[in-house]
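Source file: input-v8.txt. Holds: compact mmCIF, C-alpha atoms.
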# COMPACT_ATOMS: atom_id res chain seq x y z
CA MET M 1 -6.65 -0.78 6.31
CA LYS M 2 -5.02 -3.65 8.17
CA PRO M 3 -4.03 -2.72 11.71
CA MET M 4 -0.55 -3.71 12.78
CA LYS M 5 -0.38 -6.30 15.49
CA HIS M 6 -0.81 -4.89 18.98
CA GLN M 7 -1.33 -1.41 17.76
CA THR M 8 -4.15 0.60 19.14
CA THR M 9 -6.60 1.58 16.42
CA VAL M 10 -9.00 4.50 16.56
CA GLU M 11 -11.97 4.59 14.22
CA ALA M 12 -14.04 7.73 13.83
CA GLU M 13 -16.57 7.42 11.04
CA ASP M 14 -17.90 10.34 9.07
CA GLY M 15 -20.77 12.19 10.70
CA LYS M 16 -21.07 9.80 13.64
CA GLN M 17 -20.95 10.94 17.23
CA GLU M 18 -18.97 7.91 18.34
CA LEU M 19 -15.46 6.58 18.19
CA LEU M 20 -14.07 3.11 18.60
CA ILE M 21 -10.75 2.31 20.24
CA THR M 22 -9.47 -1.25 19.80
CA ARG M 23 -6.41 -2.94 21.18
CA GLN M 24 -5.11 -6.49 21.46
CA PHE M 25 -3.02 -7.49 24.49
CA ASP M 26 -0.54 -10.27 25.23
CA LEU M 27 -2.41 -10.79 28.47
CA PRO M 28 -4.98 -13.30 29.72
CA LEU M 29 -8.44 -11.76 29.82
CA GLU M 30 -8.52 -11.75 33.65
CA LEU M 31 -5.33 -9.68 33.89
CA LEU M 32 -6.57 -7.18 31.34
CA PHE M 33 -9.77 -6.76 33.32
CA THR M 34 -7.85 -6.42 36.60
CA ALA M 35 -5.99 -3.45 35.10
CA TYR M 36 -9.34 -1.65 34.92
CA VAL M 37 -10.48 -2.60 38.41
CA GLU M 38 -7.53 -2.21 40.79
CA PRO M 39 -7.17 1.51 41.65
CA ASP M 40 -3.38 1.41 42.14
CA ILE M 41 -2.92 -0.26 38.77
CA VAL M 42 -5.28 2.15 37.00
CA GLU M 43 -3.22 4.99 38.48
CA GLN M 44 -0.04 3.59 36.99
CA TRP M 45 -1.11 3.17 33.39
CA MET M 46 -3.60 6.03 33.16
CA GLY M 47 -1.05 8.39 34.68
CA THR M 48 -3.63 9.92 36.99
CA LYS M 49 -4.59 9.69 40.63
CA VAL M 50 -7.65 7.57 41.38
CA LEU M 51 -9.69 9.32 44.07
CA LYS M 52 -12.50 6.81 43.91
CA LEU M 53 -13.23 3.67 41.92
CA GLU M 54 -16.24 1.61 42.85
CA SER M 55 -16.17 -1.24 40.36
CA LYS M 56 -19.79 -2.34 40.60
CA LYS M 57 -23.20 -1.57 39.16
CA HIS M 58 -24.25 1.94 40.23
CA GLY M 59 -20.74 2.62 41.48
CA SER M 60 -18.84 5.77 40.57
CA TYR M 61 -15.28 6.88 39.99
CA GLN M 62 -13.13 9.99 40.09
CA PHE M 63 -9.70 10.66 38.60
CA GLU M 64 -7.47 13.63 39.29
CA THR M 65 -4.07 14.75 38.04
CA THR M 66 -2.12 17.53 39.72
CA ASP M 67 1.17 19.17 38.84
CA LEU M 68 4.10 19.57 41.22
CA ASN M 69 2.58 22.69 42.76
CA GLY M 70 -0.64 20.86 43.54
CA ASN M 71 -2.65 22.56 40.79
CA VAL M 72 -5.28 20.29 39.31
CA VAL M 73 -4.54 19.85 35.59
CA PHE M 74 -7.10 17.15 34.91
CA ARG M 75 -10.16 15.87 36.72
CA ALA M 76 -12.73 13.40 35.45
CA ASN M 77 -15.58 11.41 36.88
CA GLY M 78 -18.35 9.03 35.91
CA VAL M 79 -20.84 6.43 37.05
CA ILE M 80 -20.84 2.74 36.28
CA HIS M 81 -24.08 1.44 34.80
CA GLU M 82 -23.11 -2.13 34.12
CA PHE M 83 -20.28 -4.20 35.54
CA ILE M 84 -19.77 -7.79 34.44
CA PRO M 85 -16.32 -9.12 35.44
CA ASN M 86 -14.13 -10.17 32.49
CA GLN M 87 -16.82 -9.11 30.04
CA LYS M 88 -17.95 -5.54 30.11
CA ILE M 89 -18.14 -2.21 31.82
CA THR M 90 -20.66 0.40 30.75
CA ARG M 91 -19.98 3.79 32.26
CA THR M 92 -20.16 7.52 31.75
CA PHE M 93 -17.05 9.69 31.52
CA GLU M 94 -16.91 13.41 32.03
CA MET M 95 -13.90 15.65 32.05
CA GLU M 96 -14.58 18.40 34.55
CA ASN M 97 -14.30 21.96 33.23
CA GLY M 98 -13.93 20.59 29.70
CA PRO M 99 -15.96 21.46 26.60
CA PHE M 100 -16.64 17.84 25.65
CA GLY M 101 -19.70 17.06 27.75
CA VAL M 102 -20.49 13.69 29.23
CA GLN M 103 -19.65 10.61 27.21
CA LEU M 104 -21.04 7.11 27.34
CA GLU M 105 -18.43 4.35 27.22
CA PHE M 106 -18.98 0.70 26.38
CA LEU M 107 -15.93 -1.33 27.32
CA GLU M 108 -15.90 -4.90 26.04
CA PHE M 109 -13.26 -7.37 27.16
CA GLU M 110 -12.78 -10.38 24.96
CA LYS M 111 -10.74 -13.55 25.40
CA LEU M 112 -8.73 -14.50 22.30
CA THR M 113 -6.49 -17.30 23.60
CA GLU M 114 -5.26 -18.30 27.08
CA ASP M 115 -2.64 -15.56 26.87
CA SER M 116 -4.21 -12.93 24.70
CA SER M 117 -7.24 -10.70 24.87
CA ARG M 118 -8.84 -7.73 23.21
CA LEU M 119 -10.44 -4.55 24.45
CA ASN M 120 -13.01 -2.54 22.50
CA ILE M 121 -14.06 0.85 23.79
CA LEU M 122 -17.02 2.45 22.07
CA THR M 123 -17.44 6.05 23.16
CA VAL M 124 -20.63 7.95 22.34
CA PHE M 125 -20.62 11.74 22.43
CA ARG M 126 -23.55 14.11 22.62
CA SER M 127 -22.79 15.44 19.14
CA VAL M 128 -20.52 14.90 16.15
CA ALA M 129 -18.96 18.28 16.82
CA GLN M 130 -18.00 17.28 20.37
CA ARG M 131 -16.36 14.11 19.12
CA ASP M 132 -14.38 15.91 16.44
CA GLN M 133 -13.36 18.54 18.94
CA LEU M 134 -11.94 15.91 21.27
CA LEU M 135 -9.95 14.38 18.44
CA GLN M 136 -8.35 17.68 17.66
CA LEU M 137 -4.63 17.89 17.81
CA PRO M 138 -3.95 20.52 20.49
CA PHE M 139 -6.09 18.80 23.10
CA ALA M 140 -4.61 15.35 22.66
CA GLN M 141 -1.16 16.85 22.55
CA GLY M 142 -1.83 18.81 25.71
CA ILE M 143 -2.89 15.72 27.59
CA ASN M 144 0.07 13.82 26.22
CA MET M 145 2.40 16.58 27.31
CA ALA M 146 0.89 16.59 30.79
CA HIS M 147 1.46 12.88 31.02
CA ASN M 148 4.99 13.06 29.72
CA ARG M 149 5.74 15.77 32.23
CA LEU M 150 4.35 13.66 35.02
CA GLN M 151 6.35 10.68 33.86
CA ASP M 152 9.52 12.77 33.97
CA ILE M 153 8.69 13.93 37.46
CA VAL M 154 7.90 10.45 38.72
CA SER M 155 11.04 8.94 37.22
CA LYS M 156 13.15 11.62 38.93
CA LEU M 157 11.56 10.84 42.29
CA LYS M 158 12.52 7.20 42.06
CA MET Q 159 -10.71 24.65 12.21
CA ASN Q 160 -13.61 24.26 9.78
CA LEU Q 161 -11.28 23.24 7.01
CA ARG Q 162 -9.74 20.67 9.27
CA ARG Q 163 -13.15 19.21 10.11
CA ASP Q 164 -14.06 19.05 6.42
CA VAL Q 165 -10.87 17.18 5.64
CA PHE Q 166 -11.53 14.85 8.51
CA GLN Q 167 -15.03 14.10 7.22
CA ALA Q 168 -13.73 13.69 3.69
CA ILE Q 169 -11.43 10.83 4.65
CA ALA Q 170 -14.02 9.22 6.92
CA ASP Q 171 -16.03 8.10 3.86
CA PRO Q 172 -14.98 4.61 2.68
CA THR Q 173 -15.34 5.38 -1.05
CA ARG Q 174 -13.24 8.52 -0.73
CA ARG Q 175 -10.59 6.60 1.21
CA ALA Q 176 -10.55 4.02 -1.61
CA ILE Q 177 -10.14 6.81 -4.18
CA LEU Q 178 -7.22 8.25 -2.22
CA LEU Q 179 -5.54 4.85 -2.04
CA LEU Q 180 -6.03 4.39 -5.77
CA VAL Q 181 -4.68 7.80 -6.75
CA ALA Q 182 -1.83 7.49 -4.25
CA SER Q 183 -0.04 5.05 -6.54
CA GLN Q 184 -0.52 6.98 -9.81
CA THR Q 185 -1.97 10.09 -11.39
CA MET Q 186 -5.36 9.24 -12.93
CA THR Q 187 -8.22 10.77 -14.91
CA ALA Q 188 -11.74 10.90 -13.45
CA GLY Q 189 -12.82 8.23 -15.94
CA ALA Q 190 -10.03 5.87 -14.95
CA ILE Q 191 -10.85 6.37 -11.26
CA ALA Q 192 -14.59 5.80 -11.84
CA ALA Q 193 -13.84 2.57 -13.72
CA ASN Q 194 -12.65 1.09 -10.41
CA PHE Q 195 -16.00 1.55 -8.71
CA ASP Q 196 -19.49 0.14 -9.19
CA THR Q 197 -20.81 3.52 -8.10
CA ALA Q 198 -22.37 5.76 -10.77
CA ARG Q 199 -19.98 8.13 -12.48
CA PRO Q 200 -21.64 11.34 -11.11
CA THR Q 201 -21.26 9.94 -7.57
CA VAL Q 202 -17.55 9.39 -8.12
CA SER Q 203 -17.32 12.90 -9.58
CA LYS Q 204 -18.93 14.27 -6.43
CA HIS Q 205 -16.39 12.42 -4.28
CA LEU Q 206 -13.56 13.79 -6.45
CA GLN Q 207 -14.98 17.29 -6.06
CA ILE Q 208 -15.06 16.99 -2.26
CA LEU Q 209 -11.51 15.60 -2.15
CA THR Q 210 -10.33 18.42 -4.41
CA GLU Q 211 -12.08 21.10 -2.36
CA CYS Q 212 -10.40 19.73 0.77
CA GLU Q 213 -7.08 19.89 -1.11
CA LEU Q 214 -6.46 16.18 -0.62
CA LEU Q 215 -6.45 15.81 -4.40
CA GLU Q 216 -5.03 18.22 -6.95
CA GLN Q 217 -6.22 18.63 -10.51
CA GLN Q 218 -3.96 19.02 -13.48
CA GLN Q 219 -5.23 19.85 -16.95
CA THR Q 220 -3.38 17.98 -19.69
CA GLY Q 221 -4.93 18.54 -23.12
CA ARG Q 222 -8.60 17.64 -22.85
CA GLU Q 223 -8.15 15.46 -19.79
CA ILE Q 224 -8.07 16.42 -16.13
CA TYR Q 225 -5.69 14.30 -14.11
CA TYR Q 226 -5.93 13.86 -10.36
CA HIS Q 227 -3.01 13.40 -8.06
CA ILE Q 228 -2.53 13.23 -4.32
CA ASN Q 229 -1.56 16.28 -2.30
CA ALA Q 230 1.04 14.60 -0.10
CA LYS Q 231 1.38 17.56 2.24
CA LYS Q 232 -2.32 17.63 3.02
CA MET Q 233 -2.47 13.86 3.42
CA LYS Q 234 0.25 13.98 6.02
CA GLU Q 235 -1.62 16.68 7.88
CA VAL Q 236 -4.69 14.46 8.00
CA ALA Q 237 -2.77 11.38 9.10
CA ASP Q 238 -1.25 13.47 11.87
CA PHE Q 239 -4.68 14.71 12.93
CA ILE Q 240 -5.97 11.59 14.67
CA GLU Q 241 -2.49 10.32 15.49
CA PRO Q 242 -1.86 12.12 18.81
CA PHE Q 243 -5.12 10.76 20.20
CA ARG Q 244 -4.30 7.25 19.00
CA LYS Q 245 -0.75 7.57 20.29
CA MET Q 246 -2.00 8.65 23.72
CA TRP Q 247 -4.06 5.47 24.03
CA ASP Q 248 -1.33 3.33 22.53
CA ASP Q 249 1.13 4.61 25.14
CA ARG Q 250 -1.34 3.96 27.94
CA PHE Q 251 -2.09 0.45 26.73
CA ASN Q 252 1.59 -0.37 26.27
CA LYS Q 253 2.08 0.65 29.86
CA LEU Q 254 -0.92 -1.40 30.96
CA GLU Q 255 0.50 -4.46 29.21
CA THR Q 256 3.94 -4.04 30.79
CA ILE Q 257 2.50 -3.54 34.27
CA MET Q 258 0.22 -6.56 34.03
CA LYS Q 259 2.98 -8.82 32.74
CA LYS Q 260 4.96 -7.99 35.86
CA TYR Q 261 1.83 -8.40 37.97
CA LYS Q 262 1.42 -11.87 36.51
CA SER Q 263 4.98 -12.92 37.30
CA LYS Q 264 4.64 -11.64 40.86
CA LYS Q 265 1.73 -13.96 41.55
In structure tokens, write the structure found in this file.
Amino acid sequence: MKPMKHQTTVEAEDGKQELLITRQFDLPLELLFTAYVEPDIVEQWMGTKVLKLESKKHGSYQFETTDLNGNVVFRANGVIHEFIPNQKITRTFEMENGPFGVQLEFLEFEKLTEDSSRLNILTVFRSVAQRDQLLQLPFAQGINMAHNRLQDIVSKLK
Amino acid sequence: MNLRRDVFQAIADPTRRAILLLVASQTMTAGAIAANFDTARPTVSKHLQILTECELLEQQQTGREIYYHINAKKMKEVADFIEPFRKMWDDRFNKLETIMKKYKSKK
């Protein structure tokens, strides 16, 4: 299967407790990496509030999304095990109050040309069942809907 | 939910994906399908059995031969399965790209 240019691909092989997300960007490597490091930028594209983001070895991070009434609809946290600028971030990710357990993420940033780069995210779950559960339609849709709702709200505020 | 997971695992196997691609273009007998693979005939039969049990393939008896064809409805269901998750990341990354292009021009 040939991925279309600049489309995000998701690979989830049979019986494996991992999934691979790959995406090519029309961005220099340094800018792509910056998008993962600067809290205010992470907030914009992830569509969540960044409570804490210590981009360094042994640092930790916390994301939180609330609805208009201040109810928390999403909260996640993790610790950073490895941080090499413009190369890689190894970190854990855990959605609080979720059934998916803690995940281990290997983010690899790769320079393609002066103006293009690629990101590979390998996520390892505790079990195959947890991975498949995360991939299930209602969850992803729910998160998507939450984001769309937030986008609507934000665009009305502007 | 179990059925869904079985279907998901069925298409995760590279040989089974190849079979689906093959049968997608035309209705074929088990023998004709097996002829496209180096794998032993019983192995291909096993793959066909799994794909049939998951309703990705449908069997049709014509005379002595059993023909296999794609169950388009089920295939769409499977394609849609991983799509929301992929779409979520695609949307995020599109946004990331747009933001960083502006960020670049600001500097």
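The list of residues with at least one atom within 10 Å of Trp45 (chain M), based on only C-alpha atoms and without residues fewer than 5 positions apart in the same chain, reads Ala35, Tyr36 and Asp40 of chain M; Asp249, Arg250, Phe251, Asn252, Lys253, Leu254, Glu255, Thr256, Ile257 and Met258 of chain Q.
Straight-line separation from CA of Trp247 (chain Q) to CA of Gly59 (chain M): 24.3 Å.
For chain Q, the residues close to chain M, meaning within 6 Å and counting all atoms listed in the file, are Gln167, Ala170, Asp171, Phe239, Pro242, Phe243, Arg244, Asp248, Arg250, Lys253 and Leu254 of chain Q.
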Review point. Looking at Q:Thr185, Q:Glu223, Q:Asp196, Q:Ile228, which one is nearest to Thr210 (chain Q), with distances taken over only C-alpha atoms?
Key: Q:Ile228
Check your understanding: Counting all atoms listed in the file, which of M:Val124, M:Leu53, M:Leu107, M:Leu112 gets nearest to Ile84 (chain M)?
Key -> M:Leu107
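Put simply, CA of Ala193 (chain Q) is 20.3 Å away from CA of Ile169 (chain Q).
The residue set within 12 Å of Ala176 (chain Q), counting all atoms listed in the file and dropping same-chain residues fewer than 3 places from it, reads Met1 of chain M; Ala168, Ile169, Ala170, Asp171, Pro172, Thr173, Leu179, Leu180, Val181, Ala182, Ser183, Ile191, Ala192, Asn194, Phe195, Val202, His205, Leu206 and Leu209 of chain Q.
At a cut-off of 9 Å from (-3.8, 14.6, 41.2), the residue set is Thr48, Lys49, Val50, Leu51, Phe63, Glu64, Thr65, Thr66, Asp67, Gly70, Asn71, Val72, Val73, Phe74 and Arg75 of chain M (counting all atoms listed in the file).
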Quick one: write out the picked residues with C-alpha atoms as an mmCIF file, in the coordinates of the input?
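Saved result, out06.cif, follows:
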data_model
loop_
_atom_site.group_PDB
_atom_site.id
_atom_site.type_symbol
_atom_site.label_atom_id
_atom_site.label_comp_id
_atom_site.auth_asym_id
_atom_site.auth_seq_id
_atom_site.Cartn_x
_atom_site.Cartn_y
_atom_site.Cartn_z
ATOM 1 C CA THR M 48 -3.630 9.920 36.990
ATOM 2 C CA LYS M 49 -4.590 9.690 40.630
ATOM 3 C CA VAL M 50 -7.650 7.570 41.380
ATOM 4 C CA LEU M 51 -9.690 9.320 44.070
ATOM 5 C CA PHE M 63 -9.700 10.660 38.600
ATOM 6 C CA GLU M 64 -7.470 13.630 39.290
ATOM 7 C CA THR M 65 -4.070 14.750 38.040
ATOM 8 C CA THR M 66 -2.120 17.530 39.720
ATOM 9 C CA ASP M 67 1.170 19.170 38.840
ATOM 10 C CA GLY M 70 -0.640 20.860 43.540
ATOM 11 C CA ASN M 71 -2.650 22.560 40.790
ATOM 12 C CA VAL M 72 -5.280 20.290 39.310
ATOM 13 C CA VAL M 73 -4.540 19.850 35.590
ATOM 14 C CA PHE M 74 -7.100 17.150 34.910
ATOM 15 C CA ARG M 75 -10.160 15.870 36.720
#
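If you look at CA of Gly101 (chain M) and CA of Leu68 (chain M), they are 27.5 Å away from each other.
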Point to revise | Among listed residues Q:Thr201, Q:Gln218, Q:Gln207, Q:Asn229, nearest Met186 (chain Q) (using only C-alpha atoms) | key: Q:Gln218
Practice item. Please determine the residues with any atom at most 12 Å from (-16.4, -6.0, 30.8) (coordinates as given in the file, with only C-alpha atoms counting) and report them as a ChimeraX atom specification. Key: /M:29-30,32-37,55-57,80-91,105-111,117-121
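With distances restricted to only C-alpha atoms, Q:Leu214 is the closest residue to Lys231 (chain Q) from Q:Leu214, Q:Gln219, Q:Arg174, Q:Lys245.
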